[in-house]
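Chemist: Sharing start.pdb (PDB, C-alpha atoms, pLDDT in the B column) below.
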ATOM      1  CA  MET A   1     104.330  84.522 114.187  1.00 47.00           C
ATOM      2  CA  SER A   2     103.340  80.936 113.825  1.00 53.00           C
ATOM      3  CA  THR A   3     102.083  78.446 116.349  1.00 48.00           C
ATOM      4  CA  GLY A   4     105.319  78.391 118.359  1.00 53.00           C
ATOM      5  CA  VAL A   5     106.027  80.816 121.168  1.00 64.00           C
ATOM      6  CA  THR A   6     103.142  83.245 120.738  1.00 73.00           C
ATOM      7  CA  ASP A   7     100.003  84.115 122.632  1.00 77.00           C
ATOM      8  CA  GLY A   8      98.433  81.358 120.538  1.00 78.00           C
ATOM      9  CA  LEU A   9      99.412  79.097 123.443  1.00 80.00           C
ATOM     10  CA  HIS A  10      96.590  80.538 125.526  1.00 85.00           C
ATOM     11  CA  PHE A  11      94.045  79.970 122.758  1.00 85.00           C
ATOM     12  CA  ARG A  12      95.182  76.363 122.289  1.00 84.00           C
ATOM     13  CA  GLN A  13      94.879  75.738 126.039  1.00 89.00           C
ATOM     14  CA  ALA A  14      91.297  77.042 125.827  1.00 93.00           C
ATOM     15  CA  GLY A  15      90.572  74.545 123.039  1.00 93.00           C
ATOM     16  CA  ILE A  16      90.666  77.084 120.203  1.00 89.00           C
ATOM     17  CA  PRO A  17      92.663  75.809 117.211  1.00 86.00           C
ATOM     18  CA  ILE A  18      95.528  78.031 116.062  1.00 80.00           C
ATOM     19  CA  TYR A  19      97.152  77.858 112.646  1.00 78.00           C
ATOM     20  CA  GLY A  20     100.521  79.325 111.744  1.00 76.00           C
ATOM     21  CA  VAL A  21     101.311  80.635 108.273  1.00 79.00           C
ATOM     22  CA  SER A  22     104.661  82.287 107.786  1.00 75.00           C
ATOM     23  CA  GLY A  23     104.381  83.227 104.132  1.00 75.00           C
ATOM     24  CA  LEU A  24     108.170  83.135 103.936  1.00 73.00           C
ATOM     25  CA  PHE A  25     109.382  81.860 100.599  1.00 75.00           C
ATOM     26  CA  GLY A  26     112.992  81.227  99.750  1.00 72.00           C
ATOM     27  CA  ASP A  27     115.722  78.658  99.331  1.00 74.00           C
ATOM     28  CA  MET A  28     114.987  75.700 101.636  1.00 74.00           C
ATOM     29  CA  ASP A  29     118.726  74.993 101.984  1.00 80.00           C
ATOM     30  CA  ASP A  30     119.538  78.559 103.089  1.00 75.00           C
ATOM     31  CA  VAL A  31     118.588  78.189 106.749  1.00 71.00           C
ATOM     32  CA  ARG A  32     119.348  81.282 108.833  1.00 71.00           C
ATOM     33  CA  ALA A  33     116.714  81.087 111.576  1.00 69.00           C
ATOM     34  CA  HIS A  34     118.030  82.033 115.005  1.00 71.00           C
ATOM     35  CA  GLY A  35     121.597  82.376 113.785  1.00 72.00           C
ATOM     36  CA  ARG A  36     124.066  85.236 113.667  1.00 74.00           C
ATOM     37  CA  ASP A  37     122.983  85.933 110.096  1.00 74.00           C
ATOM     38  CA  GLU A  38     119.219  85.767 110.540  1.00 76.00           C
ATOM     39  CA  ARG A  39     117.770  87.672 107.600  1.00 77.00           C
ATOM     40  CA  MET A  40     115.610  87.483 104.509  1.00 79.00           C
ATOM     41  CA  GLY A  41     116.072  88.932 101.081  1.00 80.00           C
ATOM     42  CA  VAL A  42     114.258  92.041  99.889  1.00 86.00           C
ATOM     43  CA  ARG A  43     112.308  90.076  97.287  1.00 87.00           C
ATOM     44  CA  GLU A  44     111.294  87.466  99.898  1.00 85.00           C
ATOM     45  CA  PHE A  45     110.088  90.276 102.182  1.00 86.00           C
ATOM     46  CA  PHE A  46     107.783  91.704  99.520  1.00 91.00           C
ATOM     47  CA  ASP A  47     106.645  88.242  98.355  1.00 90.00           C
ATOM     48  CA  ARG A  48     105.695  87.472 101.955  1.00 88.00           C
ATOM     49  CA  GLN A  49     103.829  90.760 102.293  1.00 90.00           C
ATOM     50  CA  GLU A  50     101.874  90.110  99.090  1.00 91.00           C
ATOM     51  CA  PHE A  51     101.029  86.544 100.099  1.00 91.00           C
ATOM     52  CA  LEU A  52      99.790  87.531 103.565  1.00 88.00           C
ATOM     53  CA  TRP A  53      97.698  90.359 102.075  1.00 89.00           C
ATOM     54  CA  TRP A  54      96.114  87.861  99.682  1.00 90.00           C
ATOM     55  CA  LEU A  55      95.574  85.271 102.435  1.00 89.00           C
ATOM     56  CA  VAL A  56      93.847  87.651 104.860  1.00 87.00           C
ATOM     57  CA  ASN A  57      91.586  89.055 102.160  1.00 89.00           C
ATOM     58  CA  THR A  58      90.719  85.608 100.840  1.00 90.00           C
ATOM     59  CA  LEU A  59      89.927  84.133 104.251  1.00 88.00           C
ATOM     60  CA  SER A  60      87.966  87.182 105.376  1.00 89.00           C
ATOM     61  CA  GLY A  61      85.878  87.280 102.206  1.00 87.00           C
ATOM     62  CA  VAL A  62      86.682  90.960 101.744  1.00 78.00           C
ATOM     63  CA  LYS A  63      87.181  92.060  98.151  1.00 73.00           C
ATOM     64  CA  MET A  64      89.814  94.793  98.273  1.00 70.00           C
ATOM     65  CA  GLY A  65      91.514  96.179  95.202  1.00 66.00           C
ATOM     66  CA  ARG A  66      95.237  96.612  95.047  1.00 61.00           C
TER      67      ARG A  66
END
Could you show the structure in this file as C-alpha cells?

Modeler:
Amino acid sequence: MSTGVTDGLHFRQAGIPIYGVSGLFGDMDDVRAHGRDERMGVREFFDRQEFLWWLVNTLSGVKMGR
C-alpha cells in the first residue's frame, strides 16, 4: 500500500514520515484503478515483485542472493 488509506496515517500523525512505493509498472494510459476491470498483467506482477525485492534489500543493506 502507499501513503493513502493505510495505517501509515497513524505514523504521520505521530510525526513519522511515511513513503509509498507501489512498484507497479505498466502503460500510464491504461488506468484501471478502482474500476470494474481492476487488474494488472502477469508480467507487471512479476516486475513489481522483483522491484520490491530489490528495493527492500537495497534499503536494508542486506546482501541476499537470488

Chemist: To one decimal place, how far is CA of Phe51 (chain A) from CA of Gly20 (chain A) in Å?

Modeler: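 Value for the CA of Phe51 (chain A)-CA of Gly20 (chain A) distance: 13.7 Å.
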
Chemist: At a cut-off of 12 Å, using all atoms listed in the file, what residues contact region 53-66 of chain A? Leave out same-chain residues fewer than 2 positions from it and give the result as a list in words.

Modeler: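 Once the nearby chain positions are removed, what remains is Val21, Ser22, Gly23, Phe46, Asp47, Arg48, Gln49, Glu50 and Phe51 of chain A.
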
Chemist: Would you export the selected residues with C-alpha atoms as a PDB file, in the coordinates of the input, please?

Modeler:
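Result file is result.pdb:
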ATOM      1  CA  VAL A  21     101.311  80.635 108.273  1.00 79.00           C
ATOM      2  CA  SER A  22     104.661  82.287 107.786  1.00 75.00           C
ATOM      3  CA  GLY A  23     104.381  83.227 104.132  1.00 75.00           C
ATOM      4  CA  PHE A  46     107.783  91.704  99.520  1.00 91.00           C
ATOM      5  CA  ASP A  47     106.645  88.242  98.355  1.00 90.00           C
ATOM      6  CA  ARG A  48     105.695  87.472 101.955  1.00 88.00           C
ATOM      7  CA  GLN A  49     103.829  90.760 102.293  1.00 90.00           C
ATOM      8  CA  GLU A  50     101.874  90.110  99.090  1.00 91.00           C
ATOM      9  CA  PHE A  51     101.029  86.544 100.099  1.00 91.00           C
TER      10      PHE A  51
END

Chemist: What does the distance between CA of His34 (chain A) and CA of His10 (chain A) come to in Å, to one decimal place?

Modeler: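 Atom-to-atom, CA of His34 (chain A) and CA of His10 (chain A) are spaced 23.9 Å apart.
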
Chemist: Taking all atoms listed in the file into account, name the residue in A:Leu52, A:Arg12, A:Asp7, A:Gly26 that is nearest to Arg39 (chain A).

Modeler: A:Gly26
